[in-house]
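Content type compact mmCIF, C-alpha atoms, from the file target_34.txt:
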```
# COMPACT_ATOMS: atom_id res chain seq x y z
CA MET Z 787 -62.12 28.19 -23.09
CA ARG Z 788 -58.46 28.89 -22.46
CA LEU Z 789 -57.22 29.99 -19.04
CA TYR Z 790 -53.77 31.57 -18.83
CA THR Z 791 -52.55 30.62 -15.40
CA HIS Z 792 -49.79 29.59 -13.05
CA PRO Z 793 -50.55 26.97 -10.39
CA PHE Z 794 -48.66 28.82 -7.63
CA SER Z 795 -50.50 32.14 -8.10
CA SER Z 796 -53.12 32.89 -5.48
CA TYR Z 797 -55.37 34.70 -7.96
CA CYS Z 798 -55.07 31.87 -10.47
CA GLN Z 799 -56.04 29.41 -7.74
CA LYS Z 800 -59.04 31.59 -6.96
CA ALA Z 801 -60.27 31.25 -10.56
CA LEU Z 802 -59.36 27.57 -10.81
CA ILE Z 803 -61.50 26.76 -7.76
CA ALA Z 804 -64.54 28.06 -9.66
CA PHE Z 805 -63.80 25.82 -12.66
CA TYR Z 806 -63.29 22.79 -10.43
CA GLU Z 807 -66.38 23.40 -8.28
CA ASN Z 808 -68.69 23.05 -11.28
CA ASP Z 809 -66.49 20.77 -13.37
CA ILE Z 810 -66.27 23.29 -16.22
CA PRO Z 811 -63.96 22.13 -19.03
CA PHE Z 812 -61.14 24.42 -20.13
CA GLU Z 813 -57.66 24.40 -21.60
CA GLU Z 814 -54.99 25.44 -19.12
CA ARG Z 815 -52.27 27.60 -20.67
CA PHE Z 816 -49.29 27.25 -18.33
CA LEU Z 817 -47.37 30.52 -18.28
CA GLU Z 818 -43.96 28.90 -17.98
CA ASP Z 819 -44.41 27.06 -21.28
CA PRO Z 820 -42.59 28.63 -24.25
CA GLY Z 821 -44.55 31.39 -25.93
CA VAL Z 822 -47.51 31.35 -23.54
CA MET Z 823 -46.61 34.61 -21.79
CA ASP Z 824 -46.33 36.24 -25.21
CA GLU Z 825 -49.85 35.00 -26.00
CA LEU Z 826 -51.07 36.53 -22.76
CA ALA Z 827 -49.32 39.84 -23.42
CA SER Z 828 -50.84 40.05 -26.90
CA ARG Z 829 -54.29 40.08 -25.31
CA TRP Z 830 -53.54 41.94 -22.08
CA PRO Z 831 -50.43 44.16 -22.06
CA MET Z 832 -50.50 44.40 -18.26
CA LYS Z 833 -49.33 40.76 -18.32
CA ARG Z 834 -51.41 39.99 -15.23
CA PHE Z 835 -53.04 36.65 -14.71
CA PRO Z 836 -55.31 34.72 -14.70
CA LEU Z 837 -56.75 35.63 -18.07
CA LEU Z 838 -59.70 33.84 -19.67
CA VAL Z 839 -60.29 33.62 -23.43
CA ASP Z 840 -63.65 32.28 -24.53
CA GLY Z 841 -64.18 32.62 -28.27
CA ASP Z 842 -63.89 36.32 -29.06
CA ARG Z 843 -64.23 37.34 -25.40
CA THR Z 844 -61.28 38.08 -23.13
CA VAL Z 845 -61.93 38.34 -19.40
CA MET Z 846 -59.32 39.77 -17.02
CA GLU Z 847 -59.12 39.39 -13.22
CA ALA Z 848 -60.13 36.38 -11.13
CA THR Z 849 -63.32 37.91 -9.74
CA ALA Z 850 -64.58 38.85 -13.22
CA ILE Z 851 -63.73 35.36 -14.49
CA ILE Z 852 -65.80 33.76 -11.72
CA GLU Z 853 -68.68 36.16 -12.43
CA TYR Z 854 -68.43 35.24 -16.12
CA LEU Z 855 -68.57 31.52 -15.38
CA ALA Z 856 -71.56 32.02 -13.09
CA ALA Z 857 -73.39 33.94 -15.81
CA LEU Z 858 -72.62 31.75 -18.85
CA TYR Z 859 -71.66 28.36 -17.42
CA PRO Z 860 -73.79 27.93 -14.27
CA GLY Z 861 -73.54 24.67 -12.37
CA PRO Z 862 -74.88 23.10 -9.18
CA ILE Z 863 -72.61 25.26 -6.98
CA GLN Z 864 -73.96 28.81 -7.08
CA LEU Z 865 -70.81 30.83 -6.53
CA ILE Z 866 -72.87 34.04 -6.93
CA PRO Z 867 -76.07 33.52 -4.91
CA HIS Z 868 -79.37 34.20 -6.64
CA ASP Z 869 -80.61 36.09 -3.60
CA PRO Z 870 -79.59 39.73 -4.31
CA ILE Z 871 -78.69 40.56 -0.72
CA LEU Z 872 -76.54 37.45 -0.36
CA ALA Z 873 -74.96 38.31 -3.71
CA VAL Z 874 -74.00 41.76 -2.38
CA GLU Z 875 -72.54 40.19 0.77
CA THR Z 876 -70.63 37.67 -1.33
CA ARG Z 877 -69.07 40.39 -3.46
CA MET Z 878 -68.28 42.40 -0.33
CA MET Z 879 -66.43 39.48 1.27
CA ASP Z 880 -64.61 38.80 -2.00
CA ARG Z 881 -63.18 42.32 -1.79
CA VAL Z 882 -62.32 41.86 1.90
CA PHE Z 883 -60.20 38.80 1.17
CA ASP Z 884 -58.53 40.34 -1.87
CA ASN Z 885 -57.86 43.79 -0.37
CA TYR Z 886 -57.29 43.12 3.31
CA VAL Z 887 -55.74 39.65 3.33
CA ASN Z 888 -54.18 38.91 -0.04
CA ARG Z 889 -52.96 42.44 -0.77
CA PRO Z 890 -51.04 42.99 2.50
CA GLN Z 891 -49.52 39.53 2.40
CA GLN Z 892 -48.34 40.23 -1.14
CA ASP Z 893 -46.87 43.56 -0.03
CA ILE Z 894 -44.69 41.60 2.40
CA ILE Z 895 -43.68 39.19 -0.35
CA PHE Z 896 -42.84 42.02 -2.76
CA GLU Z 897 -40.57 43.53 -0.12
CA ALA Z 898 -38.80 40.18 0.24
CA ILE Z 899 -38.07 40.09 -3.50
CA ARG Z 900 -37.19 43.79 -3.83
CA PRO Z 901 -34.23 44.12 -6.22
CA GLN Z 902 -30.84 44.53 -4.61
CA GLY Z 903 -30.01 48.20 -4.27
CA ALA Z 904 -33.64 49.37 -4.21
CA ASN Z 905 -34.69 51.34 -1.16
CA PRO Z 906 -36.25 49.03 1.46
CA ASP Z 907 -39.66 49.80 2.91
CA PRO Z 908 -39.79 48.52 6.49
CA PHE Z 909 -42.66 50.89 7.31
CA GLY Z 910 -44.74 49.42 4.50
CA VAL Z 911 -44.08 45.90 5.75
CA SER Z 912 -45.04 46.92 9.28
CA ARG Z 913 -48.31 48.40 8.03
CA ALA Z 914 -49.03 45.26 6.01
CA ARG Z 915 -48.52 43.08 9.08
CA GLU Z 916 -50.80 45.35 11.11
CA MET Z 917 -53.44 45.07 8.40
CA LEU Z 918 -53.24 41.28 8.51
CA GLU Z 919 -53.55 41.27 12.30
CA THR Z 920 -56.63 43.47 12.09
CA SER Z 921 -58.15 41.40 9.29
CA TYR Z 922 -57.49 38.14 11.12
CA ALA Z 923 -59.22 39.38 14.27
CA TRP Z 924 -62.26 40.65 12.35
CA LEU Z 925 -62.54 37.46 10.29
CA ASN Z 926 -62.24 35.30 13.39
CA TYR Z 927 -65.21 37.15 14.90
CA ARG Z 928 -67.18 36.85 11.67
CA MET Z 929 -66.53 33.14 11.22
CA ALA Z 930 -67.81 32.19 14.67
CA GLY Z 931 -70.75 29.88 13.98
CA ARG Z 932 -70.27 29.98 10.19
CA GLU Z 933 -69.17 27.23 7.85
CA TRP Z 934 -68.47 29.46 4.83
CA ALA Z 935 -67.89 33.17 4.42
CA VAL Z 936 -71.49 33.95 3.44
CA GLY Z 937 -74.69 32.17 4.34
CA GLY Z 938 -76.11 29.96 1.64
CA GLY Z 939 -73.07 27.83 0.90
CA PHE Z 940 -69.67 27.89 -0.76
CA SER Z 941 -69.32 31.01 -2.92
CA LEU Z 942 -67.08 33.45 -4.75
CA ALA Z 943 -66.05 34.75 -1.31
CA ASP Z 944 -64.63 31.34 -0.37
CA CYS Z 945 -62.83 31.10 -3.73
CA ALA Z 946 -61.07 34.33 -2.71
CA ALA Z 947 -60.54 33.27 0.90
CA ALA Z 948 -58.86 29.93 0.23
CA PRO Z 949 -55.62 31.06 -1.44
CA ALA Z 950 -55.56 34.37 0.44
CA LEU Z 951 -55.60 32.71 3.87
CA PHE Z 952 -53.38 29.86 2.66
CA TYR Z 953 -50.50 32.16 1.73
CA ALA Z 954 -51.19 34.83 4.36
CA ASP Z 955 -50.73 32.25 7.12
CA TRP Z 956 -47.36 31.36 5.60
CA THR Z 957 -46.41 35.04 5.43
CA HIS Z 958 -47.76 36.19 8.79
CA GLU Z 959 -49.05 33.26 10.80
CA ILE Z 960 -52.60 33.42 12.12
CA PRO Z 961 -52.42 33.64 15.93
CA ALA Z 962 -53.28 30.37 17.66
CA ASN Z 963 -56.07 31.94 19.71
CA LEU Z 964 -58.11 32.78 16.56
CA SER Z 965 -59.69 29.34 16.50
CA HIS Z 966 -62.67 30.19 14.26
CA LEU Z 967 -60.44 31.56 11.50
CA ILE Z 968 -57.99 28.67 11.77
CA ALA Z 969 -60.86 26.18 11.53
CA TYR Z 970 -62.22 28.00 8.47
CA ARG Z 971 -58.81 27.83 6.79
CA GLN Z 972 -58.73 24.09 7.48
CA ARG Z 973 -62.18 23.65 5.93
CA LEU Z 974 -60.98 25.48 2.84
CA LEU Z 975 -57.91 23.24 2.61
CA ALA Z 976 -60.17 20.18 2.83
CA ARG Z 977 -62.45 21.39 0.05
CA PRO Z 978 -61.67 19.15 -2.96
CA SER Z 979 -61.49 22.06 -5.41
CA PHE Z 980 -58.88 23.90 -3.36
CA ALA Z 981 -57.05 20.74 -2.31
CA ARG Z 982 -56.54 20.11 -6.03
CA CYS Z 983 -54.99 23.58 -6.40
CA VAL Z 984 -52.69 23.04 -3.44
CA GLU Z 985 -51.44 19.73 -4.79
CA ALA Z 986 -50.87 21.12 -8.29
CA ALA Z 987 -48.81 23.96 -6.82
CA ARG Z 988 -46.78 21.86 -4.38
CA ARG Z 989 -43.79 21.47 -6.71
CA PHE Z 990 -43.46 25.26 -6.93
CA ARG Z 991 -43.02 25.84 -3.19
CA PRO Z 992 -39.32 26.70 -3.59
CA TYR Z 993 -40.58 29.86 -5.34
CA PHE Z 994 -41.94 31.19 -2.04
CA PRO Z 995 -39.37 33.86 -1.06
CA LEU Z 996 -39.90 33.61 2.70
CA GLY Z 997 -39.46 29.83 2.67
CA ALA Z 998 -42.59 27.71 2.51
CA PRO Z 999 -43.33 26.21 5.94
CA ASP Z 1000 -43.23 22.44 6.33
CA ARG Z 1001 -47.00 22.10 6.67
CA ASP Z 1002 -50.22 22.25 4.64
```

What does this structure look like when you write it as structure tokens?
Amino acid sequence: MRLYTHPFSSYCQKALIAFYENDIPFEERFLEDPGVMDELASRWPMKRFPLLVDGDRTVMEATAIIEYLAALYPGPIQLIPHDPILAVETRMMDRVFDNYVNRPQQDIIFEAIRPQGANPDPFGVSRAREMLETSYAWLNYRMAGREWAVGGGFSLADCAAAPALFYADWTHEIPANLSHLIAYRQRLLARPSFARCVEAARRFRPYFPLGAPDRD
């Protein structure tokens, strides 16, 4: 399998966690290497990543990649629970982290890198920060008494949560009084699969347009 990826991308990290959790072998195609982005574009003209190529199959989007691995390359860590109700909850929480944590934090980042001369969108940034505040409060309530996002163990939902909360806290810091959410983020950082992602991406921190904080 070939995975087209960049170590600093939150969605690439989400997919990489799944590979690392079950020690699934793959070839990493680093998108800054010459010609690799052209390879990606030849298979997926949207030029979005990660992208998985397995034989004659091409799988787009991090969630679909993790679902694909769970279906064809299952391992000891069941990232999609066998229990159907837990599986629904896992997929629900995956969407929560992508849509209500990662998306608003990326909206703030996109505003920071808006081309010079383009119309600024302070209202959009304000709404994104409000969304993060609301999401943080809800997640803090949910994580009280929980180790991982869904009962039954580490899952797809935690693959989504790790990079989303990692970068969101850099972009709009989690309030200090939300102790359950902060503790969950720390557990994610300590998870070997995500710790590996963080270390691999460390050299790219100057890319962070808001200035990567001197922590994590």

(request) Go ahead and compute the interatomic distance for atom CA of Z:Thr957 and atom CA of Z:Leu996, in Å to one decimal. (result)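 Computing it gives 7.2 Å between the two atoms.
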
(request) Anything within 8 Å of (-60.2, 41.7, 5.0): list those residues as a ChimeraX atom specification, counting only C-alpha atoms and sticking to the file's coordinates. (result) /Z:879,881-887,918,921-922,924-925

List as a PDB file with C-alpha atoms, in the frame of the given file the residues having at least one atom at most 10 Å from position (-47.6, 41.4, 10.0) as given in the file, counting all atoms listed in the file.
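Saved file point.pdb follows:
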```pdb
ATOM      1  CA  PRO Z 890     -51.040  42.990   2.500  1.00  0.00           C
ATOM      2  CA  GLN Z 891     -49.520  39.530   2.400  1.00  0.00           C
ATOM      3  CA  ILE Z 894     -44.690  41.600   2.400  1.00  0.00           C
ATOM      4  CA  VAL Z 911     -44.080  45.900   5.750  1.00  0.00           C
ATOM      5  CA  SER Z 912     -45.040  46.920   9.280  1.00  0.00           C
ATOM      6  CA  ARG Z 913     -48.310  48.400   8.030  1.00  0.00           C
ATOM      7  CA  ALA Z 914     -49.030  45.260   6.010  1.00  0.00           C
ATOM      8  CA  ARG Z 915     -48.520  43.080   9.080  1.00  0.00           C
ATOM      9  CA  GLU Z 916     -50.800  45.350  11.110  1.00  0.00           C
ATOM     10  CA  MET Z 917     -53.440  45.070   8.400  1.00  0.00           C
ATOM     11  CA  LEU Z 918     -53.240  41.280   8.510  1.00  0.00           C
ATOM     12  CA  GLU Z 919     -53.550  41.270  12.300  1.00  0.00           C
ATOM     13  CA  THR Z 920     -56.630  43.470  12.090  1.00  0.00           C
ATOM     14  CA  ALA Z 954     -51.190  34.830   4.360  1.00  0.00           C
ATOM     15  CA  THR Z 957     -46.410  35.040   5.430  1.00  0.00           C
ATOM     16  CA  HIS Z 958     -47.760  36.190   8.790  1.00  0.00           C
ATOM     17  CA  GLU Z 959     -49.050  33.260  10.800  1.00  0.00           C
ATOM     18  CA  ILE Z 960     -52.600  33.420  12.120  1.00  0.00           C
TER      19      ILE Z 960
END
```

(message) Taking 5 positions as the minimum chain separation for residues in the same chain, which residues sit within 9 Å of stretch 986-994 of chain Z when counting only C-alpha atoms? Answer as a list in words.
(response) His792, Pro793, Phe794, Ser795, Ile895 and Ala981 of chain Z

(request) Rank Z:Asn905, Z:Tyr790, Z:Arg889, Z:Asn808 by their smallest atom-to-atom distance to Z:Trp830, using all atoms listed in the file, and report the top residue only. (result)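 Closest residue, counting all atoms listed in the file: Z:Tyr790.
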
(message) Here is a test: counting all atoms listed in the file, which residue of Z:Met787, Z:Leu826, Z:Ala943, Z:Leu951 is nearest to Z:Tyr859?
(response)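 Among the listed residues, the smallest separation from Z:Tyr859 belongs to Z:Met787.
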
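The coordinates place atom CA of Z:Arg973 at 17.4 Å from atom CA of Z:Leu802.
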
(request) Identify which of the residues Z:Ile852, Z:Met929, Z:Ala962, Z:Leu942 lies closest to Z:Glu875, counting only C-alpha atoms when measuring atom-to-atom distances. (result)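 Of Z:Ile852, Z:Met929, Z:Ala962, Z:Leu942, the one nearest Z:Glu875 is Z:Leu942, counting only C-alpha atoms.
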
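From atom CA of Z:Gly841 back to atom CA of Z:Glu818, the distance works out to 23.0 Å.
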
(message) Calculated over all atoms listed in the file, which of the candidates Z:Arg1001, Z:Arg843, Z:Lys800, Z:Arg900 has the smallest distance to Z:Arg982?
(response) Z:Lys800

(request) Write out as a PyMOL selection string which residues come within 8 Å of Z:Ser796 when counting only C-alpha atoms, dropping same-chain ones fewer than 2 positions away. (result) chain Z and resi 794+798-800+949-950+953

Could stretch 884-910 of chain Z be completed with N, CA, C and O atoms and written as an mmCIF file, in the frame of the given file, please?
```cif
data_model
loop_
_atom_site.group_PDB
_atom_site.id
_atom_site.type_symbol
_atom_site.label_atom_id
_atom_site.label_comp_id
_atom_site.auth_asym_id
_atom_site.auth_seq_id
_atom_site.Cartn_x
_atom_site.Cartn_y
_atom_site.Cartn_z
ATOM 1 N N ASP Z 884 -59.532 39.862 -0.913
ATOM 2 C CA ASP Z 884 -58.530 40.340 -1.870
ATOM 3 C C ASP Z 884 -57.766 41.548 -1.322
ATOM 4 O O ASP Z 884 -56.539 41.613 -1.435
ATOM 5 N N ASN Z 885 -58.480 42.509 -0.735
ATOM 6 C CA ASN Z 885 -57.860 43.790 -0.370
ATOM 7 C C ASN Z 885 -57.222 43.810 1.004
ATOM 8 O O ASN Z 885 -56.250 44.557 1.212
ATOM 9 N N TYR Z 886 -57.758 43.017 1.933
ATOM 10 C CA TYR Z 886 -57.290 43.120 3.310
ATOM 11 C C TYR Z 886 -56.605 41.867 3.829
ATOM 12 O O TYR Z 886 -56.145 41.842 4.968
ATOM 13 N N VAL Z 887 -56.532 40.838 2.992
ATOM 14 C CA VAL Z 887 -55.740 39.650 3.330
ATOM 15 C C VAL Z 887 -54.684 39.418 2.244
ATOM 16 O O VAL Z 887 -53.484 39.458 2.511
ATOM 17 N N ASN Z 888 -55.128 39.224 1.025
ATOM 18 C CA ASN Z 888 -54.180 38.910 -0.040
ATOM 19 C C ASN Z 888 -53.252 40.079 -0.353
ATOM 20 O O ASN Z 888 -52.046 39.887 -0.544
ATOM 21 N N ARG Z 889 -53.793 41.281 -0.427
ATOM 22 C CA ARG Z 889 -52.960 42.440 -0.770
ATOM 23 C C ARG Z 889 -51.854 42.679 0.256
ATOM 24 O O ARG Z 889 -50.681 42.804 -0.121
ATOM 25 N N PRO Z 890 -52.150 42.762 1.568
ATOM 26 C CA PRO Z 890 -51.040 42.990 2.500
ATOM 27 C C PRO Z 890 -50.033 41.859 2.543
ATOM 28 O O PRO Z 890 -48.830 42.108 2.687
ATOM 29 N N GLN Z 891 -50.505 40.611 2.383
ATOM 30 C CA GLN Z 891 -49.520 39.530 2.400
ATOM 31 C C GLN Z 891 -48.622 39.618 1.170
ATOM 32 O O GLN Z 891 -47.423 39.342 1.246
ATOM 33 N N GLN Z 892 -49.165 40.067 0.049
ATOM 34 C CA GLN Z 892 -48.340 40.230 -1.140
ATOM 35 C C GLN Z 892 -47.376 41.406 -1.000
ATOM 36 O O GLN Z 892 -46.258 41.365 -1.525
ATOM 37 N N ASP Z 893 -47.783 42.446 -0.276
ATOM 38 C CA ASP Z 893 -46.870 43.560 -0.030
ATOM 39 C C ASP Z 893 -45.622 43.079 0.718
ATOM 40 O O ASP Z 893 -44.495 43.522 0.442
ATOM 41 N N ILE Z 894 -45.821 42.162 1.654
ATOM 42 C CA ILE Z 894 -44.690 41.600 2.400
ATOM 43 C C ILE Z 894 -43.804 40.768 1.474
ATOM 44 O O ILE Z 894 -42.560 40.840 1.536
ATOM 45 N N ILE Z 895 -44.438 39.997 0.605
ATOM 46 C CA ILE Z 895 -43.680 39.190 -0.350
ATOM 47 C C ILE Z 895 -42.892 40.074 -1.305
ATOM 48 O O ILE Z 895 -41.713 39.823 -1.593
ATOM 49 N N PHE Z 896 -43.521 41.134 -1.823
ATOM 50 C CA PHE Z 896 -42.840 42.020 -2.760
ATOM 51 C C PHE Z 896 -41.623 42.670 -2.101
ATOM 52 O O PHE Z 896 -40.594 42.893 -2.758
ATOM 53 N N GLU Z 897 -41.723 42.976 -0.828
ATOM 54 C CA GLU Z 897 -40.570 43.530 -0.120
ATOM 55 C C GLU Z 897 -39.440 42.496 -0.044
ATOM 56 O O GLU Z 897 -38.259 42.834 -0.189
ATOM 57 N N ALA Z 898 -39.813 41.240 0.138
ATOM 58 C CA ALA Z 898 -38.800 40.180 0.240
ATOM 59 C C ALA Z 898 -38.064 39.962 -1.072
ATOM 60 O O ALA Z 898 -36.914 39.503 -1.069
ATOM 61 N N ILE Z 899 -38.719 40.292 -2.199
ATOM 62 C CA ILE Z 899 -38.070 40.090 -3.500
ATOM 63 C C ILE Z 899 -37.664 41.425 -4.128
ATOM 64 O O ILE Z 899 -37.357 41.477 -5.320
ATOM 65 N N ARG Z 900 -37.613 42.478 -3.326
ATOM 66 C CA ARG Z 900 -37.190 43.790 -3.830
ATOM 67 C C ARG Z 900 -35.784 43.668 -4.424
ATOM 68 O O ARG Z 900 -34.896 43.061 -3.812
ATOM 69 N N PRO Z 901 -35.553 44.230 -5.600
ATOM 70 C CA PRO Z 901 -34.230 44.120 -6.220
ATOM 71 C C PRO Z 901 -33.125 44.687 -5.331
ATOM 72 O O PRO Z 901 -33.337 45.671 -4.605
ATOM 73 N N GLN Z 902 -31.970 44.061 -5.386
ATOM 74 C CA GLN Z 902 -30.840 44.530 -4.610
ATOM 75 C C GLN Z 902 -30.494 45.956 -5.003
ATOM 76 O O GLN Z 902 -30.422 46.290 -6.191
ATOM 77 N N GLY Z 903 -30.314 46.804 -4.016
ATOM 78 C CA GLY Z 903 -30.010 48.200 -4.270
ATOM 79 C C GLY Z 903 -31.213 49.111 -4.218
ATOM 80 O O GLY Z 903 -31.061 50.331 -4.090
ATOM 81 N N ALA Z 904 -32.427 48.556 -4.328
ATOM 82 C CA ALA Z 904 -33.640 49.370 -4.210
ATOM 83 C C ALA Z 904 -33.869 49.731 -2.751
ATOM 84 O O ALA Z 904 -33.502 48.987 -1.835
ATOM 85 N N ASN Z 905 -34.472 50.882 -2.529
ATOM 86 C CA ASN Z 905 -34.690 51.340 -1.160
ATOM 87 C C ASN Z 905 -35.681 50.422 -0.448
ATOM 88 O O ASN Z 905 -36.787 50.196 -0.948
ATOM 89 N N PRO Z 906 -35.311 49.883 0.710
ATOM 90 C CA PRO Z 906 -36.250 49.030 1.460
ATOM 91 C C PRO Z 906 -37.401 49.837 2.027
ATOM 92 O O PRO Z 906 -37.324 51.067 2.154
ATOM 93 N N ASP Z 907 -38.472 49.138 2.387
ATOM 94 C CA ASP Z 907 -39.660 49.800 2.910
ATOM 95 C C ASP Z 907 -40.138 49.095 4.179
ATOM 96 O O ASP Z 907 -41.195 48.460 4.192
ATOM 97 N N PRO Z 908 -39.371 49.200 5.260
ATOM 98 C CA PRO Z 908 -39.790 48.520 6.490
ATOM 99 C C PRO Z 908 -41.102 49.049 7.048
ATOM 100 O O PRO Z 908 -41.877 48.301 7.659
ATOM 101 N N PHE Z 909 -41.389 50.337 6.837
ATOM 102 C CA PHE Z 909 -42.660 50.890 7.310
ATOM 103 C C PHE Z 909 -43.829 50.249 6.581
ATOM 104 O O PHE Z 909 -44.850 49.910 7.185
ATOM 105 N N GLY Z 910 -43.683 50.059 5.263
ATOM 106 C CA GLY Z 910 -44.740 49.420 4.500
ATOM 107 C C GLY Z 910 -44.992 47.992 4.952
ATOM 108 O O GLY Z 910 -46.141 47.547 5.034
#
```
